[in-house]
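Visitor: The structure under discussion is supplied below as structure tokens; questions concerning it will follow.
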Amino acid sequence: MEVNQSILIIDDISETREGLSKFLTSNGYVVDVASNAKEAIVRIRLKKYDAAFVDMILPDMDGVGLMKELNMLSPSTSLILTYDRLSYEQRLRLGAFAKAGAHFHFLEKPLYEINILKALEGKSAY
């Protein structure tokens, strides 16, 4: 099982970061974590990632805004939005992001292992 893809996990909940990191590492992925948007932007400027898990609710920026920023900085990075629930406004912003040509995946929490792997394989695209 040699995957070696580089993944960035962005979530302000330490249990989510740690659990997802442990699962991905055990499946052969190389994982870095960030607890907020500012830290994620610094990391993505310093390193190329194959994929990024982006939580919808972060302390310094929402997930849609961060995905826009990451998409500009690293267009080849696959974006996977994770969320508990989406408000009407958030759904509108995601729709506008998609209509503008953005390609991303999304996963509803709680995160299930099979869905995580499918998202990384590109099988849950919006």
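Letters A, B, ... mark the chains of the structure tokens in the order given; residue numbers begin at 1 per chain; ligand numbers begin at 1, in order shown.
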Quick one: contact table of segment 63-102 of chain A to segment 45-48 of chain A, 12 Å max, nearest atom pair and distance in Å to one decimal per residue, counting only C-alpha atoms, chain and number order, as a tab-separated table?
Guide:
residue	atom	partner	partner_atom	distance
A:Glu69	CA	A:Arg45	CA	10.9
A:Leu70	CA	A:Arg45	CA	9.1
A:Asn71	CA	A:Arg45	CA	11.6
A:Met72	CA	A:Arg45	CA	10.8
A:Leu73	CA	A:Arg45	CA	7.0
A:Ser74	CA	A:Lys48	CA	7.4
A:Pro75	CA	A:Lys48	CA	10.1
A:Ser76	CA	A:Lys48	CA	8.7
A:Thr77	CA	A:Lys48	CA	7.6
A:Ser78	CA	A:Lys48	CA	11.0
Visitor: Near segment 90-92 of chain A, within 12 Å and counting only C-alpha atoms, which residues show up once chain neighbours fewer than 2 positions away are dropped, as JSON, numbers by chain?
Guide: {"A": [56, 57, 62, 63, 64, 65, 81, 83, 84, 85, 86, 87, 88, 94, 95, 96, 97, 98, 99, 106]}
Visitor: Atoms to include: C-alpha atoms. Write the selected residues as an mmCIF file, in the first residue's frame.
Guide:
data_model
loop_
_atom_site.group_PDB
_atom_site.id
_atom_site.type_symbol
_atom_site.label_atom_id
_atom_site.label_comp_id
_atom_site.auth_asym_id
_atom_site.auth_seq_id
_atom_site.Cartn_x
_atom_site.Cartn_y
_atom_site.Cartn_z
ATOM 1 C CA MET A 56 -16.586 24.881 6.438
ATOM 2 C CA ILE A 57 -16.388 26.684 9.781
ATOM 3 C CA ASP A 62 -15.187 30.238 6.179
ATOM 4 C CA GLY A 63 -14.482 27.197 4.038
ATOM 5 C CA VAL A 64 -15.708 28.738 0.786
ATOM 6 C CA GLY A 65 -13.414 31.739 1.169
ATOM 7 C CA LEU A 81 -15.038 20.556 1.874
ATOM 8 C CA TYR A 83 -19.172 20.303 7.015
ATOM 9 C CA ASP A 84 -21.724 19.545 9.732
ATOM 10 C CA ARG A 85 -24.569 21.396 8.025
ATOM 11 C CA LEU A 86 -24.818 24.156 5.456
ATOM 12 C CA SER A 87 -26.886 27.298 5.753
ATOM 13 C CA TYR A 88 -28.810 28.659 2.789
ATOM 14 C CA LEU A 94 -20.796 27.079 -2.854
ATOM 15 C CA GLY A 95 -23.052 27.138 -5.915
ATOM 16 C CA ALA A 96 -21.503 30.394 -7.120
ATOM 17 C CA PHE A 97 -18.009 28.952 -6.544
ATOM 18 C CA ALA A 98 -18.918 25.890 -8.634
ATOM 19 C CA LYS A 99 -20.527 28.011 -11.378
ATOM 20 C CA PHE A 106 -17.672 17.594 -0.212
#
Visitor: Atom CA of Pro110 of chain A to atom CA of Leu79 of chain A: how many Å, to one decimal?
Guide: 17.8 Å
Visitor: When you count only C-alpha atoms, which of these residues is closest to Phe104 of chain A: A:Gly122, A:Leu66, A:Ser6, A:Glu89?
Guide: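 Smallest separation from Phe104 of chain A among the options: A:Gly122.
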Visitor: Return as number ranges by chain the full set of residues in segment 9-81 of chain A whose backbone-based DSSP assignment is helix (DSSP H, G or I).
Guide: A: 14-26, 37-46, 63-73
Visitor: Give the answer as one residue: which of A:Ile41, A:Ala100, A:Ala51, A:Met61 has the shortest atom-to-atom distance to Ile80 of chain A, using only C-alpha atoms?
Guide: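 Checking each candidate against Ile80 of chain A, we get A:Ala51 as the closest.
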Visitor: Which polymer residues have any atom within 9 Å of an atom of segment 18-30 of chain A, counting only C-alpha atoms, with same-chain residues fewer than 3 positions away left out, as a list of chain:residue names?
Guide: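 My reading of the contact set: A:Met1, A:Glu2, A:Val3, A:Asn4, A:Gln5, A:Ser6, A:Ile7, A:Leu8, A:Ile9, A:Ile13, A:Ser14, A:Glu15, A:Val33, A:Leu111, A:Glu113, A:Ile116, A:Leu117.
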Visitor: Residues within 8 Å of Asp60 of chain A, please, as a VMD selection string. Count only C-alpha atoms; anything in the same chain fewer than 2 positions from it doesn't count.
Guide: chain A and resid 36 to 38 58 62
Visitor: Grab the residues selected above and save them as a short mmCIF file (atom, residue, chain, number, x, y, z; two decimals), in the first residue's frame with C-alpha atoms.
Guide:
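After the write, out.cif holds the following:
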data_model
loop_
_atom_site.label_atom_id
_atom_site.label_comp_id
_atom_site.auth_asym_id
_atom_site.auth_seq_id
_atom_site.Cartn_x
_atom_site.Cartn_y
_atom_site.Cartn_z
CA ASN A 36 -7.10 27.84 10.81
CA ALA A 37 -7.10 29.49 7.38
CA LYS A 38 -4.02 31.62 8.01
CA LEU A 58 -12.98 28.04 10.78
CA ASP A 62 -15.19 30.24 6.18
#
Visitor: Looking only at the backbone, which of the residues in segment 49-106 of chain A does DSSP tag as strand (DSSP E), as a list in words?
Guide: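 Filtering segment 49-106 of chain A to strand (DSSP E) leaves Ala51, Ala52, Phe53, Val54, Asp55, Ser78, Leu79, Ile80, Leu81, Thr82, Tyr83, Phe104, His105 and Phe106 of chain A.
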Visitor: Please compute the atom CA of Asp12 of chain A-atom CA of Ala34 of chain A distance, one decimal, in Å.
Guide: 7.7 Å
Visitor: Just the number, please: distance in Å from atom CA of Val54 of chain A to atom CA of His103 of chain A, one decimal.
Guide: 13.5 Å
